[in-house]
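Asks: To be precise about what I am sending: the file is called work_0.cif and holds mmCIF, C-alpha atoms.
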data_upload
loop_
_atom_site.label_atom_id
_atom_site.label_comp_id
_atom_site.auth_asym_id
_atom_site.auth_seq_id
_atom_site.Cartn_x
_atom_site.Cartn_y
_atom_site.Cartn_z
CA MET A 1 280.10 216.54 42.59
CA ASP A 2 277.72 217.45 45.42
CA LYS A 3 274.02 217.46 44.64
CA TYR A 4 271.45 219.70 46.27
CA VAL A 5 267.68 219.74 46.13
CA THR A 6 265.02 221.85 47.80
CA ARG A 7 261.30 222.59 47.43
CA GLN A 8 259.72 225.99 46.89
CA PRO A 9 255.98 226.66 47.33
CA ILE A 10 253.75 227.93 44.53
CA LYS A 11 250.78 230.04 45.64
CA ALA A 12 247.65 231.19 43.87
CA LEU A 13 247.86 234.98 44.17
CA LYS A 14 244.11 235.54 44.41
CA GLU A 15 243.74 232.97 47.19
CA ASP A 16 245.62 232.05 50.34
CA ARG A 17 246.27 228.63 48.88
CA ILE A 18 249.42 226.77 47.95
CA ILE A 19 248.78 224.73 44.80
CA GLY A 20 252.08 222.89 44.76
CA TYR A 21 255.85 222.84 45.09
CA GLU A 22 258.71 222.91 42.63
CA VAL A 23 261.57 220.50 43.27
CA LEU A 24 264.72 222.50 42.54
CA PHE A 25 267.93 220.66 41.78
CA GLN A 26 271.24 222.48 41.84
CA LYS A 27 271.75 224.57 38.75
CA ASP A 28 274.25 227.22 39.80
CA TYR A 29 277.04 225.18 41.33
CA ASP A 30 278.57 222.63 38.93
CA SER A 31 275.19 222.50 37.25
CA LEU A 32 273.55 219.14 36.74
CA TYR A 33 271.96 220.44 33.57
CA SER A 34 275.15 221.75 31.98
CA SER A 35 276.89 218.41 32.40
CA SER A 36 276.12 215.27 30.43
CA ASP A 37 272.36 214.88 30.13
CA VAL A 38 272.69 211.15 30.74
CA ALA A 39 274.61 211.72 33.98
CA ALA A 40 272.10 214.35 35.05
CA ALA A 41 269.23 212.01 34.26
CA ASP A 42 270.80 209.24 36.34
CA THR A 43 271.25 211.58 39.31
CA ILE A 44 267.77 213.04 39.16
CA ALA A 45 265.95 209.78 38.47
CA GLY A 46 267.72 208.00 41.33
CA PHE A 47 266.92 210.78 43.77
CA LEU A 48 263.28 211.07 42.72
CA MET A 49 262.68 207.34 43.06
CA GLN A 50 264.35 207.20 46.48
CA ASN A 51 262.22 210.08 47.77
CA THR A 52 258.87 209.53 46.09
CA GLU A 53 256.87 209.74 49.34
CA SER A 54 258.65 212.93 50.46
CA ILE A 55 258.36 214.75 47.15
CA PHE A 56 255.00 213.66 45.73
CA HIS A 57 252.73 214.25 48.68
CA ASP A 58 249.45 216.16 48.74
CA LYS A 59 250.01 219.00 46.27
CA LEU A 60 251.09 219.36 42.66
CA THR A 61 254.82 218.78 42.19
CA PHE A 62 256.68 220.63 39.44
CA VAL A 63 259.83 218.82 38.26
CA THR A 64 262.21 219.79 35.45
CA PHE A 65 262.95 216.76 33.29
CA THR A 66 265.96 216.49 31.00
CA PRO A 67 265.59 214.97 27.50
CA SER A 68 267.04 211.66 28.74
CA LEU A 69 264.50 211.49 31.57
CA LEU A 70 261.64 212.11 29.14
CA PHE A 71 262.88 209.54 26.64
CA ARG A 72 263.28 206.98 29.43
CA ASN A 73 259.63 207.52 30.44
CA THR A 74 260.76 208.50 33.94
CA PRO A 75 257.68 210.74 34.55
CA LYS A 76 255.47 207.64 34.22
CA ILE A 77 256.83 206.35 37.52
CA PHE A 78 254.81 209.06 39.25
CA ASP A 79 251.13 209.93 39.51
CA LYS A 80 250.33 212.17 36.52
CA ASP A 81 247.53 213.86 38.49
CA LYS A 82 250.06 215.17 41.02
CA MET A 83 252.93 216.11 38.73
CA VAL A 84 253.73 218.89 36.25
CA ILE A 85 256.52 218.18 33.77
CA GLN A 86 258.73 221.24 33.34
CA ILE A 87 260.81 221.69 30.20
CA GLU A 88 263.67 224.07 29.37
CA ASP A 89 265.22 225.34 26.16
CA HIS A 90 267.57 222.36 25.78
CA VAL A 91 264.48 220.11 25.64
CA MET A 92 262.69 222.31 23.12
CA ILE A 93 265.56 222.30 20.62
CA HIS A 94 265.90 218.52 20.72
CA PRO A 95 264.59 217.10 17.40
CA LEU A 96 262.58 214.33 19.09
CA SER A 97 260.97 216.57 21.71
CA PRO A 98 257.72 217.41 19.88
CA THR A 99 256.98 213.72 19.37
CA ILE A 100 257.62 212.67 22.95
CA ILE A 101 255.79 215.71 24.40
CA ARG A 102 252.74 215.05 22.24
CA LYS A 103 252.77 211.47 23.51
CA TYR A 104 252.81 212.57 27.15
CA ARG A 105 250.07 215.15 26.53
CA ALA A 106 247.86 212.51 24.92
CA GLU A 107 248.25 210.42 28.07
CA GLY A 108 247.10 213.30 30.31
CA TYR A 109 250.37 214.79 31.55
CA VAL A 110 250.59 218.54 32.21
CA PHE A 111 253.54 220.68 31.08
CA ALA A 112 255.17 223.95 32.11
CA ILE A 113 257.90 225.96 30.36
CA ASN A 114 260.71 227.29 32.57
CA ASP A 115 262.04 230.86 32.15
CA PHE A 116 259.75 231.66 29.24
CA GLN A 117 261.00 234.27 26.75
CA PHE A 118 259.77 235.94 23.55
CA SER A 119 261.44 233.53 21.12
CA PRO A 120 260.19 231.21 18.31
CA LYS A 121 261.39 228.06 20.08
CA TYR A 122 259.30 228.94 23.15
CA PHE A 123 256.19 229.87 21.16
CA SER A 124 256.47 226.62 19.20
CA MET A 125 255.68 224.71 22.41
CA LEU A 126 252.70 226.78 23.55
CA ASP A 127 250.13 224.29 22.29
CA TYR A 128 251.48 221.67 24.71
CA VAL A 129 251.87 223.63 27.94
CA THR A 130 249.49 224.74 30.66
CA TYR A 131 251.86 226.86 32.77
CA ILE A 132 254.34 229.55 31.76
CA LYS A 133 257.08 230.29 34.32
CA ILE A 134 258.80 233.68 34.30
CA ASP A 135 261.75 234.66 36.49
CA ILE A 136 260.92 237.87 38.36
CA ARG A 137 264.41 238.56 39.69
CA ASN A 138 266.11 241.79 38.58
CA LYS A 139 262.93 243.11 36.99
CA GLN A 140 262.13 245.92 39.41
CA ASP A 141 262.81 248.93 37.16
CA GLY A 142 260.08 250.54 35.06
CA LYS A 143 261.10 249.10 31.68
CA GLU A 144 261.42 245.56 33.03
CA ARG A 145 258.08 245.84 34.84
CA SER A 146 256.38 246.95 31.65
CA SER A 147 257.92 244.10 29.63
CA LEU A 148 256.91 241.61 32.31
CA LYS A 149 253.32 242.85 32.32
CA ASN A 150 253.14 242.70 28.51
CA LEU A 151 254.49 239.14 28.48
CA ILE A 152 251.96 237.98 31.07
CA ASN A 153 249.07 239.66 29.26
CA THR A 154 250.16 238.02 26.01
CA MET A 155 250.34 234.59 27.63
CA LYS A 156 246.90 235.03 29.17
CA GLY A 157 245.69 235.75 25.65
CA PHE A 158 246.89 232.25 24.80
CA ASP A 159 244.96 230.95 27.83
CA LYS A 160 248.13 230.06 29.77
CA LYS A 161 248.58 230.21 33.54
CA CYS A 162 251.53 232.42 34.51
CA ILE A 163 253.83 231.61 37.43
CA VAL A 164 256.44 234.17 38.44
CA THR A 165 259.46 232.58 40.09
CA GLY A 166 262.27 233.90 42.29
CA VAL A 167 259.86 235.59 44.73
CA SER A 168 262.15 236.03 47.73
CA SER A 169 260.97 239.35 49.20
CA MET A 170 257.88 241.46 49.79
CA ALA A 171 258.89 243.67 46.83
CA ASP A 172 258.97 240.61 44.54
CA TYR A 173 255.59 239.46 45.83
CA GLU A 174 253.99 242.87 45.30
CA LEU A 175 255.47 243.01 41.79
CA ALA A 176 253.96 239.61 41.01
CA ILE A 177 250.53 240.97 41.96
CA GLU A 178 251.08 244.22 40.05
CA VAL A 179 251.95 242.52 36.74
CA GLY A 180 248.93 240.22 36.95
CA ALA A 181 250.58 236.84 37.47
CA ASP A 182 248.34 233.91 38.43
CA TYR A 183 250.83 232.30 40.80
CA ALA A 184 253.97 233.19 42.73
CA GLU A 185 256.82 230.84 43.56
CA GLY A 186 259.71 231.37 45.94
CA SER A 187 260.96 231.35 49.49
CA TYR A 188 258.81 234.36 50.44
CA VAL A 189 255.50 232.71 49.54
CA ALA A 190 254.81 231.06 52.91
CA GLU A 191 255.78 234.29 54.67
CA ALA A 192 253.39 236.29 52.50
CA MET A 193 250.51 234.02 53.52
CA ALA A 194 250.99 234.54 57.24
CA GLY A 195 248.44 236.74 58.96
CA LYS A 196 250.08 239.00 61.52
CA VAL A 197 248.51 239.79 64.87
CA ASN A 198 248.98 242.92 66.93
CA ARG A 199 252.12 242.87 69.07
CA MET A 200 250.39 243.62 72.37
CA GLU A 201 247.57 241.19 71.65
CA PHE A 202 250.15 238.48 71.05
CA LEU A 203 252.39 239.31 74.04
CA GLU A 204 249.45 239.42 76.42
CA GLY A 205 247.85 236.25 75.10
CA ASN A 206 247.91 232.83 76.74
CA PHE A 207 249.75 231.24 73.82
CA PHE A 208 252.72 233.59 74.11
CA GLN A 209 252.86 233.05 77.87
CA LEU A 210 252.98 229.33 77.15
CA VAL A 211 255.85 229.82 74.66
CA VAL A 212 257.80 231.79 77.26
CA GLU A 213 257.26 229.14 79.92
CA VAL A 214 258.28 226.15 77.78
CA SER A 215 261.36 228.06 76.56
CA LYS A 216 262.80 228.24 80.07
CA ASP A 217 265.68 225.97 81.09
CA GLU A 218 263.45 224.37 83.72
CA PRO A 219 259.80 224.75 82.67
CA ASP A 220 257.24 224.58 85.48
CA ILE A 221 254.66 221.93 84.55
CA GLU A 222 252.13 223.35 87.02
CA LYS A 223 252.47 226.81 85.47
CA ILE A 224 252.09 225.29 81.99
CA GLU A 225 248.99 223.41 83.12
CA GLU A 226 247.52 226.60 84.57
CA ILE A 227 248.07 228.56 81.33
CA ILE A 228 246.51 225.86 79.16
CA ASN A 229 243.59 225.27 81.51
CA ARG A 230 242.46 228.88 81.30
CA ASP A 231 242.27 228.84 77.50
CA ALA A 232 239.67 226.64 75.80
CA ALA A 233 241.46 226.73 72.43
CA LEU A 234 244.81 225.67 73.91
CA SER A 235 243.11 222.94 75.94
CA TYR A 236 241.29 221.61 72.90
CA ALA A 237 244.44 221.67 70.77
CA LEU A 238 246.57 219.84 73.35
CA LEU A 239 243.98 217.13 73.95
CA LYS A 240 243.37 216.71 70.23
CA ILE A 241 247.11 216.26 69.56
CA VAL A 242 247.61 213.76 72.38
CA ASN A 243 244.54 211.80 71.27
CA SER A 244 245.66 211.88 67.62
CA ALA A 245 246.82 208.96 65.52
CA TYR A 246 250.43 209.99 66.10
CA PHE A 247 250.39 208.89 69.74
CA ALA A 248 248.02 205.95 69.10
CA LEU A 249 247.00 205.70 72.77
CA ARG A 250 244.90 202.77 73.84
CA ARG A 251 242.86 204.95 76.17
CA ARG A 252 241.60 208.45 75.58
CA VAL A 253 243.31 211.23 77.55
CA SER A 254 240.84 213.70 79.03
CA SER A 255 242.83 215.90 81.46
CA ILE A 256 245.45 218.57 80.74
CA ARG A 257 247.90 217.17 83.32
CA GLN A 258 247.59 213.67 81.86
CA ALA A 259 248.13 215.10 78.36
CA LEU A 260 251.26 216.95 79.47
CA VAL A 261 252.69 213.85 81.11
CA THR A 262 251.92 211.78 77.99
CA MET A 263 253.53 214.28 75.63
CA GLY A 264 256.39 215.28 77.90
CA ILE A 265 257.93 218.74 78.26
CA SER A 266 260.62 218.00 75.70
CA GLN A 267 258.09 217.20 72.98
CA LEU A 268 255.87 220.09 74.04
CA LYS A 269 258.82 222.43 73.50
CA GLN A 270 259.17 221.19 69.95
CA TRP A 271 255.47 221.19 69.13
CA VAL A 272 254.26 224.23 71.05
CA TYR A 273 253.40 226.02 67.77
CA LEU A 274 250.83 223.34 67.00
CA LEU A 275 248.73 224.49 69.93
CA SER A 276 248.00 227.67 67.98
CA PHE A 277 246.66 225.69 65.05
CA ASN A 278 242.94 225.10 64.68
CA ASN A 279 242.21 223.35 61.40
CA ASP A 280 238.61 224.53 61.47
CA ILE A 281 239.48 228.20 61.03
CA ASP A 282 239.23 230.17 57.80
CA ASN A 283 242.98 230.76 57.32
CA GLU A 284 243.94 227.11 57.76
CA GLU A 285 246.02 227.06 54.58
CA SER A 286 248.16 230.08 55.50
CA LEU A 287 248.72 228.94 59.07
CA GLU A 288 249.56 225.41 57.96
CA ALA A 289 252.11 226.69 55.42
CA MET A 290 253.90 228.78 58.04
CA MET A 291 253.89 226.02 60.63
CA LYS A 292 255.26 223.46 58.22
CA LEU A 293 258.01 225.92 57.28
CA SER A 294 258.81 226.37 60.98
CA PHE A 295 258.94 222.61 61.56
CA LEU A 296 261.06 222.03 58.47
CA ARG A 297 263.59 224.71 59.42
CA ALA A 298 263.77 223.36 62.96
CA ASN A 299 264.28 219.75 61.89
CA PHE A 300 266.77 220.59 59.15
CA ALA A 301 268.81 222.88 61.40
CA MET A 302 268.93 220.29 64.17
CA ALA A 303 269.89 217.47 61.79
CA ILE A 304 272.84 219.28 60.22
CA SER A 305 273.97 220.94 63.48
CA ASP A 306 275.41 217.60 64.62
CA HIS A 307 278.30 218.16 62.21
CA ILE A 308 279.25 221.60 63.59
CA LYS A 309 282.14 221.70 66.05
CA ASP A 310 281.95 223.99 69.08
CA LEU A 311 278.33 225.00 68.45
CA PRO A 312 277.45 227.19 71.46
CA ILE A 313 273.87 225.89 71.81
CA ILE A 314 272.48 222.38 72.28
CA ARG A 315 270.30 220.48 69.78
CA SER A 316 266.99 221.43 71.41
CA GLU A 317 267.99 225.11 71.22
CA VAL A 318 268.92 224.71 67.55
CA TYR A 319 265.42 223.31 67.03
CA MET A 320 263.91 226.28 68.87
CA MET A 321 265.94 228.66 66.68
CA GLY A 322 264.39 227.14 63.58
CA MET A 323 260.89 227.35 65.04
CA PHE A 324 261.26 230.97 66.18
CA SER A 325 262.66 232.06 62.81
CA THR A 326 259.10 232.58 61.53
CA LEU A 327 257.78 234.64 64.46
CA GLN A 328 258.40 237.89 62.59
CA TYR A 329 255.89 236.83 59.93
CA MET A 330 253.12 236.14 62.45
CA ILE A 331 253.45 239.16 64.75
CA ASN A 332 253.24 242.79 63.74
CA ALA A 333 256.48 243.81 65.45
CA PRO A 334 260.24 243.71 64.79
CA LEU A 335 261.80 240.31 65.58
CA GLU A 336 264.20 241.98 68.00
CA GLU A 337 261.28 243.22 70.13
CA ILE A 338 259.59 239.82 70.06
CA LEU A 339 262.70 237.90 71.10
CA GLU A 340 263.37 240.30 73.96
CA GLU A 341 260.30 238.78 75.61
CA VAL A 342 261.40 235.15 75.11
CA PRO A 343 264.01 233.50 77.39
CA VAL A 344 266.22 232.03 74.65
CA ALA A 345 270.01 232.04 74.43
CA GLN A 346 271.66 235.26 73.25
CA GLU A 347 273.32 233.27 70.45
CA ILE A 348 269.86 232.47 69.07
CA LYS A 349 268.83 236.12 69.18
CA ASP A 350 272.07 237.22 67.47
CA ALA A 351 271.57 234.56 64.80
CA LEU A 352 267.93 235.35 63.99
CA ILE A 353 268.25 239.14 64.16
CA ARG A 354 271.71 239.78 62.69
CA LYS A 355 272.92 236.37 61.41
CA GLU A 356 275.93 236.68 63.68
CA GLY A 357 278.19 233.95 65.05
CA VAL A 358 278.24 230.24 64.25
CA CYS A 359 274.49 230.02 64.87
CA GLY A 360 273.97 232.89 62.46
CA GLU A 361 275.95 231.05 59.78
CA LEU A 362 273.84 227.95 60.36
CA TYR A 363 270.65 230.02 60.04
CA GLU A 364 271.99 231.70 56.90
CA LEU A 365 272.77 228.27 55.45
CA ILE A 366 269.14 227.19 56.02
CA LEU A 367 267.82 230.33 54.29
CA SER A 368 270.27 229.98 51.39
CA TYR A 369 269.20 226.38 50.92
CA GLU A 370 265.54 227.42 50.79
CA ASP A 371 266.42 230.05 48.17
CA ALA A 372 268.42 227.51 46.10
CA GLU A 373 271.52 229.74 46.33
CA TRP A 374 273.81 226.77 45.79
CA LYS A 375 277.14 228.62 45.67
CA LYS A 376 276.41 230.21 49.03
CA VAL A 377 275.24 226.85 50.39
CA LYS A 378 278.54 225.31 49.37
CA GLN A 379 280.56 228.13 50.94
CA LEU A 380 278.68 228.04 54.25
CA SER A 381 278.61 224.25 54.52
CA ASP A 382 282.37 224.13 53.92
CA LYS A 383 282.95 226.81 56.54
CA LEU A 384 280.82 224.97 59.09
CA GLU A 385 282.38 221.63 58.05
CA ILE A 386 278.99 220.16 57.21
CA PRO A 387 279.27 217.43 54.53
CA SER A 388 277.55 219.18 51.63
CA GLY A 389 276.97 215.88 49.87
CA GLN A 390 274.53 214.88 52.63
CA LEU A 391 272.41 218.03 52.56
CA ALA A 392 269.96 216.95 49.86
CA GLN A 393 269.02 213.64 51.46
CA THR A 394 268.92 215.19 54.95
CA TYR A 395 266.59 217.91 53.68
CA MET A 396 264.21 215.44 52.03
CA ASP A 397 264.28 213.21 55.11
CA CYS A 398 263.17 216.25 57.12
CA VAL A 399 260.40 217.01 54.61
CA GLU A 400 259.14 213.46 55.02
CA ALA A 401 259.40 213.62 58.81
CA VAL A 402 257.41 216.87 58.92
CA ASN A 403 254.72 215.39 56.65
CA GLU A 404 254.47 212.25 58.78
CA ILE A 405 254.27 214.20 62.04
CA TRP A 406 251.72 216.62 60.59
CA ASN A 407 249.54 213.86 59.21
CA GLY A 408 249.68 211.91 62.46
CA LEU A 409 248.88 214.91 64.62
CA THR A 410 246.03 216.23 62.49
CA VAL A 411 244.29 212.87 62.12
CA SER A 412 242.14 212.45 65.19
CA ALA A 413 241.89 209.24 67.15
CA ASP A 414 238.60 207.33 67.22
CA GLN A 415 237.26 209.43 70.08
CA GLU A 416 237.31 213.23 69.98
CA THR A 417 237.90 215.39 73.04
CA ASP A 418 235.03 216.96 74.94
CA ILE A 419 236.65 220.41 74.89
CA PRO A 420 234.62 222.81 72.72
CA VAL A 421 236.39 224.38 69.77
CA SER A 422 237.27 228.04 70.19
CA LYS A 423 237.35 230.14 67.04
CA LYS A 424 240.10 232.32 68.46
CA THR A 425 243.56 231.52 67.12
CA HIS A 426 246.57 232.29 69.30
CA THR A 427 249.17 233.20 66.74
#
Could you render the structure from this file as structure tokens?
Replies:
Amino acid sequence: MDKYVTRQPIKALKEDRIIGYEVLFQKDYDSLYSSSDVAAADTIAGFLMQNTESIFHDKLTFVTFTPSLLFRNTPKIFDKDKMVIQIEDHVMIHPLSPTIIRKYRAEGYVFAINDFQFSPKYFSMLDYVTYIKIDIRNKQDGKERSSLKNLINTMKGFDKKCIVTGVSSMADYELAIEVGADYAEGSYVAEAMAGKVNRMEFLEGNFFQLVVEVSKDEPDIEKIEEIINRDAALSYALLKIVNSAYFALRRRVSSIRQALVTMGISQLKQWVYLLSFNNDIDNEESLEAMMKLSFLRANFAMAISDHIKDLPIIRSEVYMMGMFSTLQYMINAPLEEILEEVPVAQEIKDALIRKEGVCGELYELILSYEDAEWKKVKQLSDKLEIPSGQLAQTYMDCVEAVNEIWNGLTVSADQETDIPVSKKTHT
């Protein structure tokens, strides 16, 4: 049996702030939770312990624990201040559950109920939980909306925090706000946080000109230097990255040309988005969420593309496809118009705009994985001849790699650059 796992962000709806991530194990395709609980517990516990650093990072982590995992004291392996224990109906009906849950609560652990419903077994657990999770999918009609709003109002009366899950579109996100939820969870959350800029402002800006230049088959380093030199924010960002802990240089770099030589064009291509990030600005959280999503898609796509035969683009272009997949959420213009201005392969454009061709199937696989659509993941991975059994570990390896790169690049070296910070953000 293949196992899959992904993370989905959870955002406070009244703030542009991600409070945590849920770790989603496969539940649709040969469900872990419908098989033997002991076997499921073994699979989940082994994976969690192998990937502790990737999963339990800097935000709250929501994990669904089976009865066997709870009885084995598996949650105690992890920091209780960074973890929320999620329980489902099969935990609530277990005769020993109240005792073990009371024990965890007394020790300071926080609980959430998955897929909460109006039912005695769910209400019997209310005293122990902090978060109520409600699936928002297929609740767009008037009657469902009204029921959802009533449920959330009732739970708030019990002083519970309500998280709506399955938020995969703008309509879902707007519904979450309408019904008064506290938090939203799903693949659309990072996209919803992105602040769009005007199309012409973006296309005429120095950052976009830099993106165009580094996307060329043979980038001109003198042209790149010229673009960066005329923009204080880009200059500051480049020098700050090169002088960060990631590069760990023995001597401080102070010129743009020296910084470009140190980083190299190949690495600049991969990290060009970082030059638009200024962690002193007000919307740091939203910009960071979108950039991390871009990096994760790029790394994941490149890692699994090695298994695809006759892929029409090279690895660096696969990486670029993942990075550019978020452009539509940062610029107030159709993706087709944006990509017309960027010198990338036609296969990348066809993939991102229409999900066509082998590249389109790869892109669709990435999106399906983010959405935890496991049946579709299995179908696409089989079609592309990607070993589906390796997807979970590859994904978590990419999560860890993105976290390590981000931490290294945003931790400054001992000496800061002399370039003044510009408050203008080139997104």
Asks: Identify all residues satisfying the PyMOL selection byres ((chain A and resi 303) around 10) in the given file; provide them as a list in words.
Replies: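 Written out, the selection comes to Arg297, Ala298, Asn299, Phe300, Ala301, Met302, Ile304, Ser305, Asp306, His307, Arg315, Val318, Tyr319, Leu391, Thr394, Tyr395, Asp397 and Cys398 of chain A.
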Asks: Please provide the set of residues having any atom within 12 Å of range 117-120 of chain A, restricted to only C-alpha atoms, with same-chain residues fewer than 6 positions apart removed, written as a ChimeraX atom specification.
Replies: /A:88-89,92-93,126,132-135,147-148,150-152,154-155
Asks: Expand the PyMOL selection byres ((chain A and resi 354-359) around 10) into the explicit residue set it covers here, and present it as a PDB file with C-alpha atoms, in the frame of the given file.
Replies:
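What follows is the written file part30.pdb:
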ATOM      1  CA  ALA A 301     268.810 222.880  61.400  1.00  0.00           C
ATOM      2  CA  SER A 305     273.970 220.940  63.480  1.00  0.00           C
ATOM      3  CA  ILE A 308     279.250 221.600  63.590  1.00  0.00           C
ATOM      4  CA  LYS A 309     282.140 221.700  66.050  1.00  0.00           C
ATOM      5  CA  ASP A 310     281.950 223.990  69.080  1.00  0.00           C
ATOM      6  CA  LEU A 311     278.330 225.000  68.450  1.00  0.00           C
ATOM      7  CA  PRO A 312     277.450 227.190  71.460  1.00  0.00           C
ATOM      8  CA  ILE A 313     273.870 225.890  71.810  1.00  0.00           C
ATOM      9  CA  VAL A 318     268.920 224.710  67.550  1.00  0.00           C
ATOM     10  CA  MET A 321     265.940 228.660  66.680  1.00  0.00           C
ATOM     11  CA  GLU A 336     264.200 241.980  68.000  1.00  0.00           C
ATOM     12  CA  GLU A 347     273.320 233.270  70.450  1.00  0.00           C
ATOM     13  CA  ILE A 348     269.860 232.470  69.070  1.00  0.00           C
ATOM     14  CA  LYS A 349     268.830 236.120  69.180  1.00  0.00           C
ATOM     15  CA  ASP A 350     272.070 237.220  67.470  1.00  0.00           C
ATOM     16  CA  ALA A 351     271.570 234.560  64.800  1.00  0.00           C
ATOM     17  CA  LEU A 352     267.930 235.350  63.990  1.00  0.00           C
ATOM     18  CA  ILE A 353     268.250 239.140  64.160  1.00  0.00           C
ATOM     19  CA  GLY A 360     273.970 232.890  62.460  1.00  0.00           C
ATOM     20  CA  GLU A 361     275.950 231.050  59.780  1.00  0.00           C
ATOM     21  CA  LEU A 362     273.840 227.950  60.360  1.00  0.00           C
ATOM     22  CA  TYR A 363     270.650 230.020  60.040  1.00  0.00           C
ATOM     23  CA  GLU A 364     271.990 231.700  56.900  1.00  0.00           C
ATOM     24  CA  LEU A 365     272.770 228.270  55.450  1.00  0.00           C
ATOM     25  CA  LYS A 383     282.950 226.810  56.540  1.00  0.00           C
ATOM     26  CA  LEU A 384     280.820 224.970  59.090  1.00  0.00           C
TER      27      LEU A 384
END
Asks: Which residues fall under the PyMOL selection byres ((chain A and resi 65) around 7) in this file, as a ChimeraX atom specification?
Replies: /A:63-64,66-67,69-70,85-87
Asks: Keeping C-alpha atoms, export the residues of the selection given above as a PDB file, in the coordinates of the input.
Replies:
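Listing of part-v1.pdb after writing:
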ATOM      1  CA  VAL A  63     259.830 218.820  38.260  1.00  0.00           C
ATOM      2  CA  THR A  64     262.210 219.790  35.450  1.00  0.00           C
ATOM      3  CA  THR A  66     265.960 216.490  31.000  1.00  0.00           C
ATOM      4  CA  PRO A  67     265.590 214.970  27.500  1.00  0.00           C
ATOM      5  CA  LEU A  69     264.500 211.490  31.570  1.00  0.00           C
ATOM      6  CA  LEU A  70     261.640 212.110  29.140  1.00  0.00           C
ATOM      7  CA  ILE A  85     256.520 218.180  33.770  1.00  0.00           C
ATOM      8  CA  GLN A  86     258.730 221.240  33.340  1.00  0.00           C
ATOM      9  CA  ILE A  87     260.810 221.690  30.200  1.00  0.00           C
TER      10      ILE A  87
END
Asks: In file coordinates, which residues lie within 12 Å of (245.7, 219.9, 33.0) using only C-alpha atoms, given as a ChimeraX atom specification?
Replies: /A:60,80-85,104-112,128-131,160-161
Asks: So which one's closest to Met323 in chain A, A:Val377, A:Ala392, A:Leu239, A:Val211? Using only C-alpha atoms, please.
Replies: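 Smallest distance to Met323 in chain A is found for A:Val211.
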Asks: With all atoms listed in the file as the basis for distance, which of A:Ile241, A:Arg251, A:Met291, A:Glu144 is at the shortest distance from Leu268 in chain A?
Replies: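 Among the listed residues, A:Ile241 lies closest to Leu268 in chain A.
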Asks: Quick one: residues within 12 Å of Ile265 in chain A, all atoms listed in the file, excluding same-chain residues fewer than 6 positions away - as a list in words?
Replies: Leu210, Val211, Glu213, Val214, Ser215, Lys216, Asp217, Glu218, Pro219, Asp220, Ile221, Glu222, Ile224, Glu225, Arg257, Ala259, Trp271, Val272 and Ser316 of chain A
Asks: Neighbours of Leu275 in chain A within 9 Å (all atoms listed in the file; same-chain residues fewer than 5 positions away dropped), as a ChimeraX atom specification?
Replies: /A:207,233-238,241,426
Asks: Return the single residue from A:Lys156, A:Lys376, A:Lys292, A:Lys139 that is closest to Ala171 in chain A, with distances computed using only C-alpha atoms.
Replies: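 The closest residue to Ala171 in chain A is A:Lys139.
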Asks: Find the distance between CA of Ser124 in chain A and CA of Gln8 in chain A and write it in Å to one decimal.
Replies: 27.9 Å
Asks: Near Leu335 in chain A, within 9 Å and counting only C-alpha atoms, which residues show up once chain neighbours fewer than 3 positions away are dropped, as a PyMOL selection string?
Replies: chain A and resi 325+327-329+331+338-340+349+352-353
Asks: For CA of Ala176 in chain A and CA of Pro334 in chain A, quote the distance in Å rounded to one decimal.
Replies: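 Separating CA of Ala176 in chain A from CA of Pro334 in chain A is a distance of 24.9 Å.
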Asks: My list of candidates is A:Asp79, A:Ile256, A:Gln390, A:Asn332. Which is closest to Ala232 in chain A when distances are computed with only C-alpha atoms?
Replies: A:Ile256
Asks: Is it possible to dump range 121-133 of chain A as a PDB file, in the first residue's frame, including just C-alpha atoms?
Replies:
ATOM      1  CA  LYS A 121     -20.763  11.538  20.622  1.00  0.00           C
ATOM      2  CA  TYR A 122     -19.266  14.803  19.343  1.00  0.00           C
ATOM      3  CA  PHE A 123     -20.870  16.959  22.039  1.00  0.00           C
ATOM      4  CA  SER A 124     -19.623  14.549  24.708  1.00  0.00           C
ATOM      5  CA  MET A 125     -16.050  15.586  23.873  1.00  0.00           C
ATOM      6  CA  LEU A 126     -16.572  19.355  23.852  1.00  0.00           C
ATOM      7  CA  ASP A 127     -15.142  19.853  27.336  1.00  0.00           C
ATOM      8  CA  TYR A 128     -11.767  18.533  26.142  1.00  0.00           C
ATOM      9  CA  VAL A 129     -11.299  20.338  22.828  1.00  0.00           C
ATOM     10  CA  THR A 130     -10.156  23.810  21.839  1.00  0.00           C
ATOM     11  CA  TYR A 131     -10.744  23.633  18.079  1.00  0.00           C
ATOM     12  CA  ILE A 132     -13.743  22.415  16.086  1.00  0.00           C
ATOM     13  CA  LYS A 133     -13.030  21.513  12.447  1.00  0.00           C
TER      14      LYS A 133
END
